[in-house]
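Chemist: Before we start, here is the structure in question, set down as structure tokens.
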Amino acid sequence: MSTAPTSPDTRERLLRSAIQVFAERGYAGGTIRDICRRAQANLASVHYYFGDKQGLYAAIFDQVSGLFRQRRARYLPAAAPAAERLRVYIQAALEEILGCRGDADDRADLSAIYLAEMAHPTETLDRIVALHIKPSNDELLTIVADLLDLPPRTPLVVDAAASVSGQILRYFLARPLISRLNPDQPPLEERVDELVERVWRFSLGGILALGPLARGDGVADPDAAAPAP
């Protein structure tokens with residue numbers, strides 16, 4: 001019976017190969033055999049490190065989510081106010097998807113996997129949501145709720161948080177469109193700090209402008225206070 005290699009980079013090679021294969025062929029079409037062949041690893045390696053194909057697929061999301069959490073923890077000051085926590089959330093997300101994980105091919109492959117999972121959910125989606133997407137979303141809901149002084153599950157909070165996430169996901173999922181629509185602009189990965197600042201100010205200003213709705217005062221004032229320059 002074959003045994004799995006214990007080389008420290010075998011697990012990483014399997015993950016990188018899995019990202020490529022699942023991006024090219026989807027979860028259903030990607031096979032353990034193809035992944036192991038590309039990673040130059042034996043079949044037992046997948047069982048040793050991940051358990052099965054589903055575990056390997058989930059590990060892709062585990063890795064991305066783990067790096068996201070590490071960045072937020074590193075940037076977040078103790079007892080930070082909600083506005084600063086929002087900035088850290090946006091900074092960690094944009095750095096992760098635009099410039100601080102792998103190369104452009106890796107990011108394109110991850111985008112393809114994410115889009116495929118949303119269009120055709122696999123049996124792993126419930127696990128992905130429970131372990132990674134929901135905790136991150138709950139954190140964002142808490143930040144927005146603190147800014148509006150509302151419970152986190154209030155529809156206004158949920159919709160405002162979705163607007164923040166939508167801005168971030170556009171840079172993740174629509175990179176080919178953005179580069180073609182704005183050919184004279186520098187690549188997104190060269191503008192991370194600038195984008196963080198703009199998305200944060202836009203998001204914070206929009207959330208604060210919802211204050212009258214949160215208080216039941218009627219229509220939100222578009223001239224509500226925004227973060228000072």
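So you can find residues: chains in the structure tokens are A, B, ... in the order shown, residues in each start at 1, and ligands are numbered from 1 in order.
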Using only C-alpha atoms, find each residue of region 37-118 of chain A with at least one atom at most 9 Å away from an atom of region 15-27 of chain A; report its shortest atom-to-atom pair and that distance in Å (one decimal), sort the rows by chain and rising residue number, and return the result as CSV.
Modeler:
residue,atom,partner,partner_atom,distance
A:Arg37,CA,A:Ser17,CA,8.8
A:Arg38,CA,A:Ser17,CA,6.0
A:Ala39,CA,A:Ser17,CA,5.6
A:Lys53,CA,A:Tyr27,CA,8.9
A:Gln54,CA,A:Tyr27,CA,8.9
A:Leu56,CA,A:Leu15,CA,7.3
A:Tyr57,CA,A:Ala18,CA,7.3
A:Ala59,CA,A:Leu15,CA,7.6
A:Ile60,CA,A:Leu15,CA,6.6
A:Asp105,CA,A:Gln20,CA,8.8
A:Asp106,CA,A:Ile19,CA,7.6
A:Ala108,CA,A:Ala23,CA,8.5
A:Asp109,CA,A:Ala23,CA,5.1
A:Leu110,CA,A:Ile19,CA,6.7
A:Ser111,CA,A:Ala23,CA,8.2
A:Ala112,CA,A:Ala23,CA,5.4
A:Ile113,CA,A:Ala23,CA,5.2
A:Tyr114,CA,A:Ala23,CA,8.9
A:Ala116,CA,A:Gly26,CA,7.0
A:Glu117,CA,A:Tyr27,CA,8.4
Chemist: Store the residues picked out above in a file with N, CA, C and O atoms, as a PDB file, in the first residue's frame.
Modeler:
ATOM      1  N   ARG A  37      -1.644  14.200 -10.415  1.00  0.00           N
ATOM      2  CA  ARG A  37      -0.696  14.174 -11.536  1.00  0.00           C
ATOM      3  C   ARG A  37      -0.048  15.544 -11.719  1.00  0.00           C
ATOM      4  O   ARG A  37       1.160  15.667 -11.895  1.00  0.00           O
ATOM      5  N   ARG A  38      -0.857  16.594 -11.648  1.00  0.00           N
ATOM      6  CA  ARG A  38      -0.328  17.942 -11.827  1.00  0.00           C
ATOM      7  C   ARG A  38       0.575  18.345 -10.666  1.00  0.00           C
ATOM      8  O   ARG A  38       1.548  19.085 -10.850  1.00  0.00           O
ATOM      9  N   ALA A  39       0.250  17.868  -9.477  1.00  0.00           N
ATOM     10  CA  ALA A  39       1.042  18.202  -8.288  1.00  0.00           C
ATOM     11  C   ALA A  39       2.250  17.287  -8.112  1.00  0.00           C
ATOM     12  O   ALA A  39       3.048  17.493  -7.197  1.00  0.00           O
ATOM     13  N   LYS A  53     -11.917  14.326  -1.808  1.00  0.00           N
ATOM     14  CA  LYS A  53     -12.035  15.425  -2.771  1.00  0.00           C
ATOM     15  C   LYS A  53     -12.785  16.608  -2.164  1.00  0.00           C
ATOM     16  O   LYS A  53     -12.404  17.772  -2.355  1.00  0.00           O
ATOM     17  N   GLN A  54     -13.844  16.332  -1.430  1.00  0.00           N
ATOM     18  CA  GLN A  54     -14.610  17.398  -0.812  1.00  0.00           C
ATOM     19  C   GLN A  54     -13.761  18.172   0.192  1.00  0.00           C
ATOM     20  O   GLN A  54     -13.827  19.410   0.259  1.00  0.00           O
ATOM     21  N   LEU A  56     -10.503  18.516   0.102  1.00  0.00           N
ATOM     22  CA  LEU A  56      -9.523  19.294  -0.662  1.00  0.00           C
ATOM     23  C   LEU A  56     -10.156  20.559  -1.215  1.00  0.00           C
ATOM     24  O   LEU A  56      -9.578  21.651  -1.152  1.00  0.00           O
ATOM     25  N   TYR A  57     -11.366  20.426  -1.738  1.00  0.00           N
ATOM     26  CA  TYR A  57     -12.072  21.583  -2.278  1.00  0.00           C
ATOM     27  C   TYR A  57     -12.338  22.611  -1.181  1.00  0.00           C
ATOM     28  O   TYR A  57     -12.096  23.818  -1.355  1.00  0.00           O
ATOM     29  N   ALA A  59     -10.661  23.010   1.486  1.00  0.00           N
ATOM     30  CA  ALA A  59      -9.397  23.561   1.970  1.00  0.00           C
ATOM     31  C   ALA A  59      -8.973  24.794   1.180  1.00  0.00           C
ATOM     32  O   ALA A  59      -8.252  25.648   1.695  1.00  0.00           O
ATOM     33  N   ILE A  60      -9.406  24.887  -0.071  1.00  0.00           N
ATOM     34  CA  ILE A  60      -9.111  26.084  -0.865  1.00  0.00           C
ATOM     35  C   ILE A  60      -9.737  27.305  -0.190  1.00  0.00           C
ATOM     36  O   ILE A  60      -9.093  28.347  -0.014  1.00  0.00           O
ATOM     37  N   ASP A 105      -2.627  34.516 -12.233  1.00  0.00           N
ATOM     38  CA  ASP A 105      -3.311  33.284 -12.624  1.00  0.00           C
ATOM     39  C   ASP A 105      -4.047  32.666 -11.445  1.00  0.00           C
ATOM     40  O   ASP A 105      -5.168  32.168 -11.585  1.00  0.00           O
ATOM     41  N   ASP A 106      -3.414  32.675 -10.274  1.00  0.00           N
ATOM     42  CA  ASP A 106      -4.069  32.156  -9.071  1.00  0.00           C
ATOM     43  C   ASP A 106      -5.355  32.918  -8.785  1.00  0.00           C
ATOM     44  O   ASP A 106      -6.402  32.330  -8.478  1.00  0.00           O
ATOM     45  N   ALA A 108      -7.202  34.666 -10.845  1.00  0.00           N
ATOM     46  CA  ALA A 108      -8.202  34.382 -11.874  1.00  0.00           C
ATOM     47  C   ALA A 108      -8.851  33.022 -11.636  1.00  0.00           C
ATOM     48  O   ALA A 108     -10.068  32.861 -11.802  1.00  0.00           O
ATOM     49  N   ASP A 109      -8.054  32.040 -11.252  1.00  0.00           N
ATOM     50  CA  ASP A 109      -8.594  30.708 -10.983  1.00  0.00           C
ATOM     51  C   ASP A 109      -9.535  30.731  -9.787  1.00  0.00           C
ATOM     52  O   ASP A 109     -10.596  30.091  -9.797  1.00  0.00           O
ATOM     53  N   LEU A 110      -9.163  31.451  -8.733  1.00  0.00           N
ATOM     54  CA  LEU A 110     -10.030  31.548  -7.563  1.00  0.00           C
ATOM     55  C   LEU A 110     -11.351  32.241  -7.907  1.00  0.00           C
ATOM     56  O   LEU A 110     -12.413  31.857  -7.409  1.00  0.00           O
ATOM     57  N   SER A 111     -11.288  33.252  -8.756  1.00  0.00           N
ATOM     58  CA  SER A 111     -12.511  33.915  -9.204  1.00  0.00           C
ATOM     59  C   SER A 111     -13.408  32.931  -9.937  1.00  0.00           C
ATOM     60  O   SER A 111     -14.631  32.910  -9.740  1.00  0.00           O
ATOM     61  N   ALA A 112     -12.805  32.110 -10.806  1.00  0.00           N
ATOM     62  CA  ALA A 112     -13.575  31.125 -11.575  1.00  0.00           C
ATOM     63  C   ALA A 112     -14.240  30.113 -10.646  1.00  0.00           C
ATOM     64  O   ALA A 112     -15.408  29.739 -10.841  1.00  0.00           O
ATOM     65  N   ILE A 113     -13.512  29.662  -9.637  1.00  0.00           N
ATOM     66  CA  ILE A 113     -14.073  28.704  -8.682  1.00  0.00           C
ATOM     67  C   ILE A 113     -15.229  29.329  -7.915  1.00  0.00           C
ATOM     68  O   ILE A 113     -16.284  28.711  -7.721  1.00  0.00           O
ATOM     69  N   TYR A 114     -15.047  30.558  -7.467  1.00  0.00           N
ATOM     70  CA  TYR A 114     -16.096  31.236  -6.701  1.00  0.00           C
ATOM     71  C   TYR A 114     -17.350  31.414  -7.547  1.00  0.00           C
ATOM     72  O   TYR A 114     -18.470  31.123  -7.088  1.00  0.00           O
ATOM     73  N   ALA A 116     -18.281  29.694 -10.171  1.00  0.00           N
ATOM     74  CA  ALA A 116     -18.878  28.389 -10.437  1.00  0.00           C
ATOM     75  C   ALA A 116     -19.649  27.889  -9.218  1.00  0.00           C
ATOM     76  O   ALA A 116     -20.728  27.304  -9.348  1.00  0.00           O
ATOM     77  N   GLU A 117     -19.114  28.128  -8.039  1.00  0.00           N
ATOM     78  CA  GLU A 117     -19.777  27.684  -6.815  1.00  0.00           C
ATOM     79  C   GLU A 117     -21.091  28.434  -6.609  1.00  0.00           C
ATOM     80  O   GLU A 117     -22.084  27.858  -6.160  1.00  0.00           O
TER      81      GLU A 117
END
Chemist: Compile the contact shell of region 130-140 of chain A as JSON, numbers by chain: residues with an atom at most 7 Å away, counting only C-alpha atoms, same-chain residues fewer than 3 positions apart removed.
Modeler: {"A": [65, 126, 127, 143, 144, 161]}
Chemist: Could you dump the residues just selected with all heavy atoms as a PDB file, in the first residue's frame?
Modeler:
ATOM      1  N   SER A  65      -9.743  32.133   3.487  1.00  0.00           N
ATOM      2  CA  SER A  65     -10.392  32.707   4.665  1.00  0.00           C
ATOM      3  C   SER A  65      -9.402  32.902   5.805  1.00  0.00           C
ATOM      4  O   SER A  65      -9.446  33.904   6.519  1.00  0.00           O
ATOM      5  CB  SER A  65     -11.540  31.791   5.115  1.00  0.00           C
ATOM      6  OG  SER A  65     -12.170  32.298   6.251  1.00  0.00           O
ATOM      7  N   ASP A 126     -22.520  24.431   1.984  1.00  0.00           N
ATOM      8  CA  ASP A 126     -22.996  24.646   3.355  1.00  0.00           C
ATOM      9  C   ASP A 126     -21.831  24.730   4.332  1.00  0.00           C
ATOM     10  O   ASP A 126     -21.831  25.551   5.258  1.00  0.00           O
ATOM     11  CB  ASP A 126     -23.943  23.522   3.768  1.00  0.00           C
ATOM     12  CG  ASP A 126     -25.303  23.627   3.097  1.00  0.00           C
ATOM     13  OD1 ASP A 126     -25.637  24.720   2.608  1.00  0.00           O
ATOM     14  OD2 ASP A 126     -26.017  22.612   3.049  1.00  0.00           O
ATOM     15  N   ARG A 127     -20.824  23.885   4.126  1.00  0.00           N
ATOM     16  CA  ARG A 127     -19.644  23.924   5.004  1.00  0.00           C
ATOM     17  C   ARG A 127     -18.872  25.218   4.803  1.00  0.00           C
ATOM     18  O   ARG A 127     -18.432  25.845   5.775  1.00  0.00           O
ATOM     19  CB  ARG A 127     -18.745  22.719   4.710  1.00  0.00           C
ATOM     20  CG  ARG A 127     -17.409  22.754   5.436  1.00  0.00           C
ATOM     21  CD  ARG A 127     -16.571  21.546   5.113  1.00  0.00           C
ATOM     22  NE  ARG A 127     -15.208  21.693   5.607  1.00  0.00           N
ATOM     23  CZ  ARG A 127     -14.255  20.777   5.460  1.00  0.00           C
ATOM     24  NH1 ARG A 127     -14.510  19.644   4.839  1.00  0.00           N
ATOM     25  NH2 ARG A 127     -13.045  20.991   5.931  1.00  0.00           N
ATOM     26  N   ILE A 143     -20.147  45.429  12.511  1.00  0.00           N
ATOM     27  CA  ILE A 143     -19.549  46.752  12.276  1.00  0.00           C
ATOM     28  C   ILE A 143     -20.613  47.741  11.818  1.00  0.00           C
ATOM     29  O   ILE A 143     -20.735  48.860  12.349  1.00  0.00           O
ATOM     30  CB  ILE A 143     -18.421  46.640  11.234  1.00  0.00           C
ATOM     31  CG1 ILE A 143     -17.246  45.841  11.782  1.00  0.00           C
ATOM     32  CG2 ILE A 143     -17.952  48.045  10.804  1.00  0.00           C
ATOM     33  CD1 ILE A 143     -16.211  45.476  10.731  1.00  0.00           C
ATOM     34  N   VAL A 144     -21.399  47.346  10.815  1.00  0.00           N
ATOM     35  CA  VAL A 144     -22.430  48.235  10.282  1.00  0.00           C
ATOM     36  C   VAL A 144     -23.495  48.516  11.342  1.00  0.00           C
ATOM     37  O   VAL A 144     -23.972  49.646  11.479  1.00  0.00           O
ATOM     38  CB  VAL A 144     -23.056  47.623   9.011  1.00  0.00           C
ATOM     39  CG1 VAL A 144     -24.203  48.501   8.509  1.00  0.00           C
ATOM     40  CG2 VAL A 144     -22.004  47.462   7.916  1.00  0.00           C
ATOM     41  N   ALA A 161     -24.512  46.254   4.583  1.00  0.00           N
ATOM     42  CA  ALA A 161     -23.347  45.365   4.557  1.00  0.00           C
ATOM     43  C   ALA A 161     -23.182  44.729   3.186  1.00  0.00           C
ATOM     44  O   ALA A 161     -22.053  44.563   2.694  1.00  0.00           O
ATOM     45  CB  ALA A 161     -23.485  44.291   5.629  1.00  0.00           C
TER      46      ALA A 161
END
Chemist: Given only C-alpha atoms as the basis, pick out the residue of A:Ala119, A:Ile90, A:Arg11, A:Gln63 nearest to Gln40 (chain A).
Modeler: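 Checking each candidate against Gln40 (chain A), we get A:Arg11 as the closest.
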Chemist: Closest to Leu147 (chain A) among A:Ile207, A:Leu213, A:Val192, A:Leu173, using only C-alpha atoms?
Modeler: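 Going through A:Ile207, A:Leu213, A:Val192, A:Leu173 one by one, the smallest distance to Leu147 (chain A) is for A:Ile207.
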Chemist: Mind checking which residues fall within 8 Å of Leu148 (chain A), counting only C-alpha atoms, ignoring those fewer than 5 positions away in the same chain, and posting them as an MDAnalysis selection string?
Modeler: chainID A and resid 157 207:208 210:211 214
Chemist: Env of Arg191 (chain A): 12 Å cut, atoms = only C-alpha atoms, seq-sep filter 2 positions within chain, self excluded. Answer as a ChimeraX atom specification.
Modeler: /A:91,94-95,98-99,171,185-189,193-199
Chemist: With distances taken over only C-alpha atoms, which residue among A:Ala44, A:Leu150, A:Ala92, A:Leu156 lies nearest Ile168 (chain A)?
Modeler: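 Result for the nearest residue to Ile168 (chain A): A:Ala92.
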Chemist: Please measure the separation of CA of Phe50 (chain A) and CA of Leu169 (chain A), giving the value in Å to one decimal.
Modeler: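 For CA of Phe50 (chain A) relative to CA of Leu169 (chain A), the distance reads 27.8 Å.
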Chemist: I need the residue nearest Asp159 (chain A) from this list: A:Ala174, A:Leu125, A:Met118, A:Leu141. Use only C-alpha atoms for the distance.
Modeler: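 Among the listed residues, A:Leu141 lies closest to Asp159 (chain A).
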Chemist: To one decimal place in Å, what is the distance between CA of Gln70 (chain A) and CA of Ile178 (chain A)?
Modeler: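 So the answer is 27.8 Å.
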Chemist: Enumerate the residues of region 71-144 of chain A with a DSSP assignment of alpha helix (DSSP H), computed from the backbone, and present them as a PyMOL selection string.
Modeler: chain A and resi 71-75+82-98+104-119+125-128+134-144
